[in-house]
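Source file start.pdb; content: PDB, C-alpha atoms.
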```
MODEL        1
ATOM      1  CA  MET A  29      23.643 -10.883 -10.295
ATOM      2  CA  SER A  30      25.510  -7.676 -11.142
ATOM      3  CA  LEU A  31      28.222  -6.355  -8.842
ATOM      4  CA  PRO A  32      26.120  -3.338  -7.711
ATOM      5  CA  SER A  33      23.230  -5.655  -6.797
ATOM      6  CA  PHE A  34      25.613  -8.029  -4.995
ATOM      7  CA  LEU A  35      26.990  -5.144  -2.926
ATOM      8  CA  TYR A  36      23.494  -3.787  -2.240
ATOM      9  CA  ALA A  37      22.385  -7.203  -0.961
ATOM     10  CA  ALA A  38      25.451  -7.436   1.287
ATOM     11  CA  VAL A  39      24.756  -4.031   2.828
ATOM     12  CA  ALA A  40      21.077  -4.886   3.369
ATOM     13  CA  ARG A  41      22.006  -8.159   5.116
ATOM     14  CA  GLU A  42      24.525  -6.413   7.343
ATOM     15  CA  ARG A  43      22.019  -3.700   8.305
ATOM     16  CA  ARG A  44      19.512  -6.346   9.414
ATOM     17  CA  ARG A  45      22.226  -8.242  11.346
ATOM     18  CA  TRP A  46      23.398  -5.010  13.013
ATOM     19  CA  TYR A  47      19.965  -4.393  14.503
ATOM     20  CA  ALA A  48      19.505  -8.071  15.398
ATOM     21  CA  ARG A  49      22.716  -7.949  17.467
ATOM     22  CA  ARG A  50      21.631  -4.729  19.207
ATOM     23  CA  PRO A  51      18.070  -5.191  20.511
ATOM     24  CA  VAL A  52      18.567  -2.187  22.796
ATOM     25  CA  TRP A  53      18.275  -0.003  19.691
ATOM     26  CA  ARG A  54      14.737  -1.266  19.075
ATOM     27  CA  ARG A  55      12.013   0.528  21.006
ATOM     28  CA  THR A  56       8.808  -1.083  22.273
ATOM     29  CA  LEU A  57       5.343   0.447  22.358
ATOM     30  CA  GLY A  58       2.776  -0.341  25.023
ATOM     31  CA  ARG A  59       0.334  -1.894  22.544
ATOM     32  CA  PRO A  60       0.909  -4.648  19.965
ATOM     33  CA  VAL A  61       2.437  -3.728  16.611
ATOM     34  CA  ILE A  62       1.513  -5.424  13.343
ATOM     35  CA  SER A  63       3.929  -4.660  10.530
ATOM     36  CA  ILE A  64       2.823  -4.987   6.909
ATOM     37  CA  GLY A  65       5.718  -4.764   4.489
ATOM     38  CA  ASN A  66       7.553  -6.354   1.617
ATOM     39  CA  VAL A  67      11.006  -6.781   0.102
ATOM     40  CA  ALA A  68      10.323  -5.242  -3.318
ATOM     41  CA  VAL A  69       9.946  -1.652  -4.442
ATOM     42  CA  GLY A  70       6.404  -0.531  -5.173
ATOM     43  CA  GLY A  71       3.296  -2.224  -6.450
ATOM     44  CA  SER A  72       2.870  -4.998  -3.880
ATOM     45  CA  GLY A  73      -0.477  -3.911  -2.429
ATOM     46  CA  LYS A  74       0.792  -2.898   1.025
ATOM     47  CA  THR A  75      -1.562   0.051   1.447
ATOM     48  CA  PRO A  76      -4.753  -1.853   0.495
ATOM     49  CA  ALA A  77      -3.585  -4.667   2.787
ATOM     50  CA  VAL A  78      -3.182  -2.197   5.665
ATOM     51  CA  ALA A  79      -6.745  -0.972   5.125
ATOM     52  CA  HIS A  80      -8.049  -4.552   4.967
ATOM     53  CA  VAL A  81      -6.315  -5.584   8.189
ATOM     54  CA  ALA A  82      -7.534  -2.412   9.908
ATOM     55  CA  ARG A  83     -11.130  -3.382   9.098
ATOM     56  CA  ILE A  84     -10.533  -6.879  10.486
ATOM     57  CA  LEU A  85      -9.206  -5.374  13.719
ATOM     58  CA  ILE A  86     -12.190  -3.014  14.025
ATOM     59  CA  GLU A  87     -14.576  -5.954  13.631
ATOM     60  CA  ALA A  88     -12.638  -7.746  16.364
ATOM     61  CA  GLY A  89     -13.317  -4.843  18.750
ATOM     62  CA  GLU A  90      -9.877  -3.232  18.519
ATOM     63  CA  ARG A  91      -9.069   0.423  17.941
ATOM     64  CA  PRO A  92      -6.175   0.385  15.462
ATOM     65  CA  ALA A  93      -3.876   3.246  14.573
ATOM     66  CA  ILE A  94      -1.889   3.408  11.336
ATOM     67  CA  LEU A  95       1.733   4.529  11.627
ATOM     68  CA  THR A  96       3.348   5.461   8.330
ATOM     69  CA  ARG A  97       6.265   7.461   7.035
ATOM     70  CA  GLY A  98       4.301   9.372   4.394
ATOM     71  CA  TYR A  99       6.690   8.826   1.511
ATOM     72  CA  ALA A 100       6.959  11.622  -1.100
ATOM     73  CA  ARG A 101       5.209  14.269   0.995
ATOM     74  CA  ALA A 102       5.624  17.771  -0.411
ATOM     75  CA  ARG A 103       5.938  19.271   3.094
ATOM     76  CA  SER A 104       7.599  17.065   5.681
ATOM     77  CA  SER A 105       8.132  18.279   9.223
ATOM     78  CA  ASP A 106       9.725  17.148  12.467
ATOM     79  CA  GLY A 107       7.578  15.296  14.959
ATOM     80  CA  VAL A 108       4.252  13.700  14.065
ATOM     81  CA  THR A 109       1.667  14.806  11.515
ATOM     82  CA  VAL A 110      -1.816  13.648  12.491
ATOM     83  CA  VAL A 111      -3.541  12.993   9.178
ATOM     84  CA  SER A 112      -6.703  11.772  10.922
ATOM     85  CA  ASP A 113      -7.616  11.623  14.604
ATOM     86  CA  GLY A 114     -10.236   8.948  13.952
ATOM     87  CA  HIS A 115     -13.002  11.527  13.619
ATOM     88  CA  ARG A 116     -11.891  13.974  10.945
ATOM     89  CA  ILE A 117      -9.069  14.538   8.467
ATOM     90  CA  LEU A 118      -6.628  17.155   9.746
ATOM     91  CA  ALA A 119      -3.878  17.268   7.089
ATOM     92  CA  ASP A 120      -3.886  18.041   3.382
ATOM     93  CA  LEU A 121      -2.084  16.220   0.574
ATOM     94  CA  ASP A 122       1.143  18.210   0.943
ATOM     95  CA  ARG A 123       1.547  17.358   4.629
ATOM     96  CA  ALA A 124       0.043  13.862   4.593
ATOM     97  CA  GLY A 125       1.148  12.238   1.328
ATOM     98  CA  ASP A 126      -1.180  10.415  -1.038
ATOM     99  CA  GLU A 127      -1.299   6.982   0.630
ATOM    100  CA  PRO A 128      -1.857   8.220   4.239
ATOM    101  CA  LEU A 129      -4.562  10.564   2.979
ATOM    102  CA  MET A 130      -6.193   7.710   1.084
ATOM    103  CA  LEU A 131      -6.154   5.539   4.217
ATOM    104  CA  ALA A 132      -7.672   8.361   6.259
ATOM    105  CA  ARG A 133     -10.521   8.713   3.736
ATOM    106  CA  GLN A 134     -11.125   4.952   3.554
ATOM    107  CA  LEU A 135     -11.040   4.445   7.347
ATOM    108  CA  PRO A 136     -12.753   7.433   8.979
ATOM    109  CA  SER A 137     -12.642   5.887  12.478
ATOM    110  CA  VAL A 138      -8.920   5.035  12.401
ATOM    111  CA  PRO A 139      -6.210   7.514  13.468
ATOM    112  CA  VAL A 140      -3.525   7.864  10.795
ATOM    113  CA  LEU A 141      -0.187   9.326  11.876
ATOM    114  CA  VAL A 142       2.808  10.215   9.709
ATOM    115  CA  SER A 143       6.344  10.425  11.068
ATOM    116  CA  SER A 144       9.838   9.143  10.382
ATOM    117  CA  ASP A 145       9.873   8.317  14.127
ATOM    118  CA  ARG A 146       7.100   5.759  14.285
ATOM    119  CA  TYR A 147       7.732   5.061  17.961
ATOM    120  CA  LEU A 148       6.851   8.695  18.711
ATOM    121  CA  ALA A 149       3.759   8.392  16.493
ATOM    122  CA  GLY A 150       2.736   5.223  18.353
ATOM    123  CA  VAL A 151       3.100   6.857  21.759
ATOM    124  CA  LEU A 152       0.884   9.713  20.593
ATOM    125  CA  ALA A 153      -1.694   7.238  19.256
ATOM    126  CA  GLU A 154      -1.810   5.383  22.585
ATOM    127  CA  ARG A 155      -1.928   8.416  24.858
ATOM    128  CA  HIS A 156      -4.244  10.691  22.911
ATOM    129  CA  PHE A 157      -6.383   8.412  20.758
ATOM    130  CA  GLY A 158      -6.731   5.334  22.965
ATOM    131  CA  CYS A 159      -5.405   2.954  20.329
ATOM    132  CA  THR A 160      -5.167  -0.722  21.269
ATOM    133  CA  VAL A 161      -3.062  -1.960  18.338
ATOM    134  CA  HIS A 162      -0.754  -0.371  15.772
ATOM    135  CA  LEU A 163      -0.473  -1.060  12.047
ATOM    136  CA  LEU A 164       3.013  -0.285  10.797
ATOM    137  CA  ASP A 165       2.688   0.539   7.100
ATOM    138  CA  ASP A 166       5.723  -0.595   5.054
ATOM    139  CA  GLY A 167       7.472  -1.726   8.207
ATOM    140  CA  PHE A 168       9.575  -4.774   7.319
ATOM    141  CA  GLN A 169      12.761  -2.696   6.963
ATOM    142  CA  HIS A 170      11.911  -0.387   9.892
ATOM    143  CA  PHE A 171      14.115  -2.044  12.513
ATOM    144  CA  GLN A 172      13.930   0.752  15.102
ATOM    145  CA  LEU A 173      10.520  -0.426  16.351
ATOM    146  CA  GLU A 174       9.685  -3.822  17.854
ATOM    147  CA  ARG A 175       6.724  -5.587  16.343
ATOM    148  CA  ASP A 176       4.596  -8.532  17.441
ATOM    149  CA  VAL A 177       3.497  -9.645  13.975
ATOM    150  CA  ASP A 178       5.494  -9.275  10.740
ATOM    151  CA  LEU A 179       3.411  -9.759   7.595
ATOM    152  CA  VAL A 180       5.371  -9.741   4.335
ATOM    153  CA  LEU A 181       3.743  -9.441   0.910
ATOM    154  CA  LEU A 182       5.338 -11.403  -1.918
ATOM    155  CA  SER A 183       4.572 -11.986  -5.575
ATOM    156  CA  PRO A 184       5.605 -15.034  -7.635
ATOM    157  CA  ASP A 185       7.834 -12.934  -9.911
ATOM    158  CA  GLU A 186       9.928 -11.890  -6.904
ATOM    159  CA  ILE A 187      10.604 -15.567  -6.231
ATOM    160  CA  GLU A 188      11.424 -16.215  -9.888
ATOM    161  CA  ARG A 189      13.835 -13.258 -10.158
ATOM    162  CA  PRO A 190      15.268 -12.643  -6.682
ATOM    163  CA  VAL A 191      17.597  -9.786  -7.637
ATOM    164  CA  THR A 192      18.163  -6.762  -5.412
ATOM    165  CA  LEU A 193      18.457  -3.152  -6.461
ATOM    166  CA  PRO A 194      19.692  -1.612  -8.683
ATOM    167  CA  SER A 195      19.469  -4.456 -11.237
ATOM    168  CA  GLY A 196      16.287  -5.949  -9.744
ATOM    169  CA  ARG A 197      13.290  -4.878  -7.650
ATOM    170  CA  LEU A 198      14.223  -6.281  -4.218
ATOM    171  CA  ARG A 199      15.110  -3.976  -1.329
ATOM    172  CA  GLU A 200      16.493  -6.960   0.594
ATOM    173  CA  PRO A 201      17.577 -10.461  -0.396
ATOM    174  CA  LEU A 202      14.809 -13.052  -0.158
ATOM    175  CA  ASP A 203      16.524 -14.785   2.769
ATOM    176  CA  ALA A 204      15.374 -11.861   4.956
ATOM    177  CA  VAL A 205      11.767 -13.037   4.575
ATOM    178  CA  ARG A 206      12.333 -16.082   6.794
ATOM    179  CA  ARG A 207      12.068 -13.693   9.762
ATOM    180  CA  ALA A 208       8.436 -12.944   8.863
ATOM    181  CA  SER A 209       5.551 -14.238  10.961
ATOM    182  CA  ALA A 210       3.650 -15.011   7.749
ATOM    183  CA  VAL A 211       3.862 -14.292   4.039
ATOM    184  CA  ILE A 212       0.938 -13.147   1.919
ATOM    185  CA  VAL A 213       1.410 -14.095  -1.725
ATOM    186  CA  SER A 214      -0.395 -11.941  -4.275
ATOM    187  CA  ASP A 215      -1.993 -13.130  -7.499
ATOM    188  CA  ALA A 216      -1.281 -16.791  -6.792
ATOM    189  CA  ASP A 217      -3.244 -20.001  -6.391
ATOM    190  CA  HIS A 218      -2.838 -22.345  -3.432
ATOM    191  CA  ALA A 219       0.034 -24.306  -4.984
ATOM    192  CA  GLN A 220       1.942 -21.174  -6.015
ATOM    193  CA  ALA A 221       1.499 -19.636  -2.568
ATOM    194  CA  ALA A 222       2.727 -22.809  -0.857
ATOM    195  CA  ALA A 223       5.739 -22.923  -3.169
ATOM    196  CA  ALA A 224       6.549 -19.283  -2.399
ATOM    197  CA  GLY A 225       6.382 -19.943   1.341
ATOM    198  CA  ALA A 226       8.680 -22.944   0.985
ATOM    199  CA  ALA A 227      11.129 -20.908  -1.114
ATOM    200  CA  VAL A 228      11.543 -18.285   1.618
ATOM    201  CA  GLY A 229      11.337 -20.695   4.565
ATOM    202  CA  VAL A 230       8.049 -19.467   6.099
ATOM    203  CA  GLU A 231       5.402 -22.012   7.106
ATOM    204  CA  THR A 232       2.421 -19.679   7.522
ATOM    205  CA  VAL A 233       1.224 -18.614   4.075
ATOM    206  CA  PHE A 234      -1.876 -16.728   2.918
ATOM    207  CA  ARG A 235      -3.003 -15.411  -0.462
ATOM    208  CA  LEU A 236      -3.859 -11.859  -1.503
ATOM    209  CA  ARG A 237      -6.633 -11.431  -4.047
ATOM    210  CA  ARG A 238      -7.297  -8.100  -5.789
ATOM    211  CA  HIS A 239     -10.503  -7.063  -7.497
ATOM    212  CA  PRO A 240     -11.345  -3.639  -8.951
ATOM    213  CA  ASP A 241     -14.726  -2.346  -7.829
ATOM    214  CA  ARG A 242     -17.048  -0.266 -10.008
ATOM    215  CA  PRO A 243     -15.557   3.163 -10.818
ATOM    216  CA  ARG A 244     -16.927   6.279  -9.169
ATOM    217  CA  LEU A 245     -16.954   9.719 -10.756
ATOM    218  CA  ILE A 246     -15.046  12.523  -9.067
ATOM    219  CA  GLU A 247     -17.809  14.923 -10.182
ATOM    220  CA  PRO A 248     -20.633  14.428  -9.359
ATOM    221  CA  ALA A 249     -18.942  12.906  -6.345
ATOM    222  CA  GLY A 250     -19.323   9.177  -5.915
ATOM    223  CA  ARG A 251     -21.596   8.427  -8.852
ATOM    224  CA  VAL A 252     -21.012   4.824  -9.953
ATOM    225  CA  VAL A 253     -20.300   4.080 -13.616
ATOM    226  CA  SER A 254     -20.290   0.693 -15.337
ATOM    227  CA  PRO A 255     -18.902  -0.410 -18.696
ATOM    228  CA  ALA A 256     -21.240  -0.496 -21.670
ATOM    229  CA  ALA A 257     -20.467  -2.131 -24.984
ATOM    230  CA  GLY A 258     -17.763  -0.148 -26.747
ATOM    231  CA  THR A 259     -17.262   2.398 -23.948
ATOM    232  CA  ARG A 260     -13.826   3.852 -24.714
ATOM    233  CA  VAL A 261     -11.756   5.112 -21.775
ATOM    234  CA  LEU A 262      -8.321   6.570 -21.213
ATOM    235  CA  ALA A 263      -6.526   4.780 -18.372
ATOM    236  CA  VAL A 264      -4.270   7.053 -16.277
ATOM    237  CA  ALA A 265      -2.079   5.904 -13.395
ATOM    238  CA  GLY A 266       0.876   7.195 -11.398
ATOM    239  CA  LEU A 267       1.921   3.910  -9.807
ATOM    240  CA  ALA A 268       5.009   1.744  -9.491
ATOM    241  CA  ARG A 269       3.411  -0.909 -11.726
ATOM    242  CA  PRO A 270       0.684   0.803 -13.782
ATOM    243  CA  GLU A 271       0.375  -2.115 -16.211
ATOM    244  CA  ARG A 272      -1.538  -4.073 -13.553
ATOM    245  CA  PHE A 273      -4.163  -1.348 -13.376
ATOM    246  CA  PHE A 274      -4.446  -1.064 -17.145
ATOM    247  CA  SER A 275      -4.941  -4.801 -17.648
ATOM    248  CA  SER A 276      -7.512  -4.985 -14.822
ATOM    249  CA  LEU A 277      -9.718  -2.460 -16.621
ATOM    250  CA  ALA A 278      -9.712  -4.550 -19.772
ATOM    251  CA  ASP A 279     -10.534  -7.627 -17.703
ATOM    252  CA  GLU A 280     -13.560  -5.793 -16.275
ATOM    253  CA  GLY A 281     -14.973  -5.090 -19.724
ATOM    254  CA  TRP A 282     -13.779  -1.559 -20.437
ATOM    255  CA  THR A 283     -12.428  -0.677 -23.881
ATOM    256  CA  VAL A 284      -9.069   0.859 -22.980
ATOM    257  CA  ALA A 285      -8.495   3.179 -25.927
ATOM    258  CA  GLY A 286      -5.331   4.689 -24.458
ATOM    259  CA  GLU A 287      -2.927   4.379 -21.530
ATOM    260  CA  LEU A 288      -1.033   7.177 -19.812
ATOM    261  CA  ALA A 289       1.489   6.314 -17.090
ATOM    262  CA  PHE A 290       3.199   8.686 -14.667
ATOM    263  CA  ALA A 291       5.833   8.004 -12.017
ATOM    264  CA  ASP A 292       4.732   6.628  -8.659
ATOM    265  CA  HIS A 293       3.487   9.423  -6.346
ATOM    266  CA  HIS A 294       3.573  11.887  -9.280
ATOM    267  CA  ARG A 295       2.118  15.255  -8.293
ATOM    268  CA  TYR A 296      -0.295  16.286 -11.035
ATOM    269  CA  THR A 297      -0.207  19.799 -12.450
ATOM    270  CA  ARG A 298      -2.463  21.784 -14.748
ATOM    271  CA  ALA A 299      -0.085  20.892 -17.574
ATOM    272  CA  ASP A 300      -0.625  17.208 -16.783
ATOM    273  CA  VAL A 301      -4.395  17.715 -16.916
ATOM    274  CA  ASP A 302      -4.017  19.373 -20.323
ATOM    275  CA  ARG A 303      -1.996  16.366 -21.476
ATOM    276  CA  VAL A 304      -4.674  13.976 -20.196
ATOM    277  CA  VAL A 305      -7.356  15.919 -22.071
ATOM    278  CA  ALA A 306      -5.311  15.828 -25.288
ATOM    279  CA  GLU A 307      -4.675  12.075 -24.934
ATOM    280  CA  MET A 308      -8.345  11.454 -24.228
ATOM    281  CA  ARG A 309      -9.434  13.299 -27.360
ATOM    282  CA  ALA A 310      -6.803  11.565 -29.473
ATOM    283  CA  ALA A 311      -8.053   8.185 -28.226
ATOM    284  CA  ARG A 312     -11.710   9.200 -28.782
ATOM    285  CA  ALA A 313     -12.417   8.212 -25.168
ATOM    286  CA  VAL A 314     -15.498   9.339 -23.261
ATOM    287  CA  MET A 315     -13.927   9.422 -19.815
ATOM    288  CA  VAL A 316     -10.752   8.908 -17.808
ATOM    289  CA  LEU A 317     -10.352   6.009 -15.373
ATOM    290  CA  THR A 318      -7.687   6.278 -12.700
ATOM    291  CA  THR A 319      -6.772   4.770  -9.324
ATOM    292  CA  GLU A 320      -7.853   5.804  -5.840
ATOM    293  CA  LYS A 321      -4.256   6.741  -5.049
ATOM    294  CA  ASP A 322      -4.165   9.037  -8.106
ATOM    295  CA  LEU A 323      -7.491  10.496  -6.985
ATOM    296  CA  MET A 324      -5.745  12.001  -3.932
ATOM    297  CA  ARG A 325      -3.408  13.927  -6.257
ATOM    298  CA  LEU A 326      -6.130  15.002  -8.667
ATOM    299  CA  LEU A 327      -8.640  16.356  -6.144
ATOM    300  CA  PRO A 328      -6.734  19.644  -5.584
ATOM    301  CA  LEU A 329      -7.064  20.361  -9.333
ATOM    302  CA  ARG A 330     -10.874  20.303  -9.428
ATOM    303  CA  PRO A 331     -12.940  21.199 -11.360
ATOM    304  CA  LEU A 332     -11.582  18.909 -14.075
ATOM    305  CA  PRO A 333     -12.473  19.638 -17.703
ATOM    306  CA  VAL A 334     -13.382  16.022 -18.584
ATOM    307  CA  PRO A 335     -15.194  13.185 -16.771
ATOM    308  CA  VAL A 336     -12.782  11.351 -14.463
ATOM    309  CA  ALA A 337     -13.642   8.277 -12.398
ATOM    310  CA  TRP A 338     -11.529   6.435  -9.866
ATOM    311  CA  VAL A 339     -11.507   2.676  -9.419
ATOM    312  CA  PRO A 340     -11.641   1.366  -5.821
ATOM    313  CA  LEU A 341      -9.443  -1.692  -5.305
ATOM    314  CA  GLN A 342     -11.010  -4.432  -3.197
ATOM    315  CA  ILE A 343      -8.722  -7.038  -1.696
ATOM    316  CA  SER A 344      -9.098 -10.114   0.461
ATOM    317  CA  ILE A 345      -6.592 -12.267   2.319
ATOM    318  CA  GLN A 346      -7.422 -15.934   1.932
ATOM    319  CA  PRO A 347      -8.374 -18.285   3.413
ATOM    320  CA  ALA A 348     -10.253 -15.446   5.103
ATOM    321  CA  GLU A 349     -11.452 -17.243   8.245
ATOM    322  CA  GLU A 350      -8.053 -18.840   8.814
ATOM    323  CA  PHE A 351      -6.289 -15.484   8.474
ATOM    324  CA  VAL A 352      -8.618 -13.760  10.942
ATOM    325  CA  ALA A 353      -8.263 -16.608  13.441
ATOM    326  CA  TRP A 354      -4.463 -16.637  13.078
ATOM    327  CA  LEU A 355      -4.136 -12.870  13.452
ATOM    328  CA  THR A 356      -6.393 -12.587  16.488
ATOM    329  CA  SER A 357      -4.618 -15.500  18.174
ATOM    330  CA  ARG A 358      -1.267 -13.767  17.656
ATOM    331  CA  LEU A 359      -2.648 -10.596  19.229
ATOM    332  CA  ARG A 360      -3.998 -12.500  22.221
ATOM    333  CA  ALA A 361      -0.603 -14.164  22.667
TER     334      ALA A 361
ENDMDL
END
```
Could I get this file's structure written as structure tokens?
Amino acid sequence: MSLPSFLYAAVARERRRWYARRPVWRRTLGRPVISIGNVAVGGSGKTPAVAHVARILIEAGERPAILTRGYARARSSDGVTVVSDGHRILADLDRAGDEPLMLARQLPSVPVLVSSDRYLAGVLAERHFGCTVHLLDDGFQHFQLERDVDLVLLSPDEIERPVTLPSGRLREPLDAVRRASAVIVSDADHAQAAAAGAAVGVETVFRLRRHPDRPRLIEPAGRVVSPAAGTRVLAVAGLARPERFFSSLADEGWTVAGELAFADHHRYTRADVDRVVAEMRAARAVMVLTTEKDLMRLLPLRPLPVPVAWVPLQISIQPAEEFVAWLTSRLRA
């Protein structure tokens, strides 16, 4: 481990200890809080996992609210931004951020609130929207708010190379994960997931499975497209780990004639659209495939000069029945 990463890990450990020694600094909401987080930067599947857990809670008769910081918003403000009140979307991309806006579109009955003060957002959700449980998006390092369930997403490569920033991808050393209620290991079989849980000292282990659904055209809105033999596409993604998206398209039968990656949360411009068009023509592709998160940042630029489709990402937490039973029992407790 490099000296900068060693020092980063030491500071992260001390920050966690500081809050652990001072519980008075942690505030408690009236309703249960489920945190979904990780220890690595980007690309772990937190946002799809939040949506999945929200659907589980709705089926269980709960009224969840999603509390998120709204990273990379163009227009941040003091207080709370209500992205959705559970009936309609009230904030645009600039005020909401791409991931909160995506959650609001995916979950029309779930209030989505953005604020750096997630206690304040939770109070608003309880008093005005009648929420019975909170989902804290990216909450493992948010020590200011008490939580009843801490879910931490891990991937096998984080276990294999447990190096903190700036040399590695970890925001905290792996020993922090032992404080989690359960770990959810992505892209792993049963044996790999069990090994990951043992490595971080957590007994309760589940597995996260990802599967891209059939792409849907932006225009005409929602039209489903499927791969045909030799269908050439340009894959475009502004994600932390775009290579996962690119490889998933090939696995689904698309002929990926070109790949174009942007930074995570990249705000697309007309110049970017011109670049996409040029890359598409150079690759002799017939359409562009992108992610649902990128869709949020492309919608303000409509109409687009070429066919663009977004790929919904379906996930499951397995074993599914065991996870639902475990989660609902924790809430009852």
Top pick for closest residue to A:Asp203, considering A:Asp178, A:Ser357, A:Ala278, A:Val67 and counting only C-alpha atoms: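 Nearest to A:Asp203: A:Val67.
This file, filtered with the PyMOL selection byres ((chain A and resi 200) around 10), gives the residues Tyr36, Ala37, Ala38, Val39, Ala40, Arg41, Arg44, Asn66, Val67, Ala68, Val69, Phe168, Gln169, Pro190, Val191, Thr192, Leu193, Arg197, Leu198, Arg199, Pro201, Leu202, Asp203, Ala204 and Val205 of chain A.
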Atoms kept (C-alpha atoms) for selection, written as an mmCIF file, keeping the file's coordinate frame:
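Saved result, out.cif, follows:
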```
data_model
loop_
_atom_site.group_PDB
_atom_site.id
_atom_site.type_symbol
_atom_site.label_atom_id
_atom_site.label_comp_id
_atom_site.auth_asym_id
_atom_site.auth_seq_id
_atom_site.Cartn_x
_atom_site.Cartn_y
_atom_site.Cartn_z
ATOM 1 C CA TYR A 36 23.494 -3.787 -2.240
ATOM 2 C CA ALA A 37 22.385 -7.203 -0.961
ATOM 3 C CA ALA A 38 25.451 -7.436 1.287
ATOM 4 C CA VAL A 39 24.756 -4.031 2.828
ATOM 5 C CA ALA A 40 21.077 -4.886 3.369
ATOM 6 C CA ARG A 41 22.006 -8.159 5.116
ATOM 7 C CA ARG A 44 19.512 -6.346 9.414
ATOM 8 C CA ASN A 66 7.553 -6.354 1.617
ATOM 9 C CA VAL A 67 11.006 -6.781 0.102
ATOM 10 C CA ALA A 68 10.323 -5.242 -3.318
ATOM 11 C CA VAL A 69 9.946 -1.652 -4.442
ATOM 12 C CA PHE A 168 9.575 -4.774 7.319
ATOM 13 C CA GLN A 169 12.761 -2.696 6.963
ATOM 14 C CA PRO A 190 15.268 -12.643 -6.682
ATOM 15 C CA VAL A 191 17.597 -9.786 -7.637
ATOM 16 C CA THR A 192 18.163 -6.762 -5.412
ATOM 17 C CA LEU A 193 18.457 -3.152 -6.461
ATOM 18 C CA ARG A 197 13.290 -4.878 -7.650
ATOM 19 C CA LEU A 198 14.223 -6.281 -4.218
ATOM 20 C CA ARG A 199 15.110 -3.976 -1.329
ATOM 21 C CA PRO A 201 17.577 -10.461 -0.396
ATOM 22 C CA LEU A 202 14.809 -13.052 -0.158
ATOM 23 C CA ASP A 203 16.524 -14.785 2.769
ATOM 24 C CA ALA A 204 15.374 -11.861 4.956
ATOM 25 C CA VAL A 205 11.767 -13.037 4.575
#
```
A:Pro194, A:Arg303, A:His218, A:Arg123 ranked by distance to A:Ser30, top pick (using only C-alpha atoms):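 For A:Ser30, the nearest of the given residues is A:Pro194.
Near A:Arg360, within 12 Å and counting all atoms listed in the file, sit A:Arg59, A:Pro60, A:Ala88, A:Glu90, A:Thr160, A:Val161, A:Asp176, A:Val177, A:Ala353, A:Trp354, A:Leu355, A:Thr356, A:Ser357, A:Arg358; same-chain residues fewer than 2 positions away were not included.
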Option closest in space to A:Asp241, from A:Ser33, A:His162, A:Leu277, A:Ser72 [counting all atoms listed in the file]: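 The answer is A:Leu277, which sits nearest to A:Asp241.
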Each side padded by 6 Å, which centre and which edge lengths in Å (one decimal) define the axis-aligned box around the listed atoms of stretch 33-46 of chain A? Give them as lines of an AutoDock Vina configuration file.
```
center_x = 23.3
center_y = -6.0
center_z = 3.1
size_x = 19.5
size_y = 16.5
size_z = 31.8
```
Selection: 8 Å around A:Leu326, all atoms listed in the file, excl. self and same-chain fewer than 4 positions, as a list in words: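 Skipping anything fewer than 4 positions along the chain leaves Tyr296, Asp322 and Arg330 of chain A.
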For atom CA of A:Arg309 and atom CA of A:His239, the interatomic separation in Å (one decimal):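 About the pair atom CA of A:Arg309 and atom CA of A:His239: they are 28.5 Å apart.
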Nearby residues (all atoms listed in the file) at most 12 Å from A:Leu323, same-chain spacing under 6 positions excluded, as a PyMOL selection string: chain A and resi 121+126-127+129-130+133+243-247+249-250+264-267+293-296+316-317+329-330+332+336-340
Missing atoms in stretch 324-333 of chain A: fill them in up to N, CA and C atoms and send the result as an mmCIF file, keeping the file's coordinate frame.
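result.cif, freshly written:
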```cif
data_model
loop_
_atom_site.group_PDB
_atom_site.id
_atom_site.type_symbol
_atom_site.label_atom_id
_atom_site.label_comp_id
_atom_site.auth_asym_id
_atom_site.auth_seq_id
_atom_site.Cartn_x
_atom_site.Cartn_y
_atom_site.Cartn_z
ATOM 1 N N MET A 324 -6.213 11.084 -4.971
ATOM 2 C CA MET A 324 -5.745 12.001 -3.932
ATOM 3 C C MET A 324 -4.968 13.165 -4.533
ATOM 4 N N ARG A 325 -4.250 12.894 -5.632
ATOM 5 C CA ARG A 325 -3.408 13.927 -6.257
ATOM 6 C C ARG A 325 -4.134 14.726 -7.327
ATOM 7 N N LEU A 326 -5.326 14.266 -7.694
ATOM 8 C CA LEU A 326 -6.130 15.002 -8.667
ATOM 9 C C LEU A 326 -7.167 15.915 -8.012
ATOM 10 N N LEU A 327 -7.593 15.572 -6.804
ATOM 11 C CA LEU A 327 -8.640 16.356 -6.144
ATOM 12 C C LEU A 327 -8.295 17.839 -6.008
ATOM 13 N N PRO A 328 -7.023 18.202 -5.702
ATOM 14 C CA PRO A 328 -6.734 19.644 -5.584
ATOM 15 C C PRO A 328 -6.880 20.411 -6.892
ATOM 16 N N LEU A 329 -6.989 19.701 -8.033
ATOM 17 C CA LEU A 329 -7.064 20.361 -9.333
ATOM 18 C C LEU A 329 -8.498 20.515 -9.830
ATOM 19 N N ARG A 330 -9.485 20.139 -9.014
ATOM 20 C CA ARG A 330 -10.874 20.303 -9.428
ATOM 21 C C ARG A 330 -11.223 21.784 -9.593
ATOM 22 N N PRO A 331 -12.158 22.096 -10.494
ATOM 23 C CA PRO A 331 -12.940 21.199 -11.360
ATOM 24 C C PRO A 331 -12.113 20.731 -12.551
ATOM 25 N N LEU A 332 -12.295 19.471 -12.947
ATOM 26 C CA LEU A 332 -11.582 18.909 -14.075
ATOM 27 C C LEU A 332 -12.402 19.086 -15.343
ATOM 28 N N PRO A 333 -11.736 19.308 -16.468
ATOM 29 C CA PRO A 333 -12.473 19.638 -17.703
ATOM 30 C C PRO A 333 -13.111 18.446 -18.399
#
```
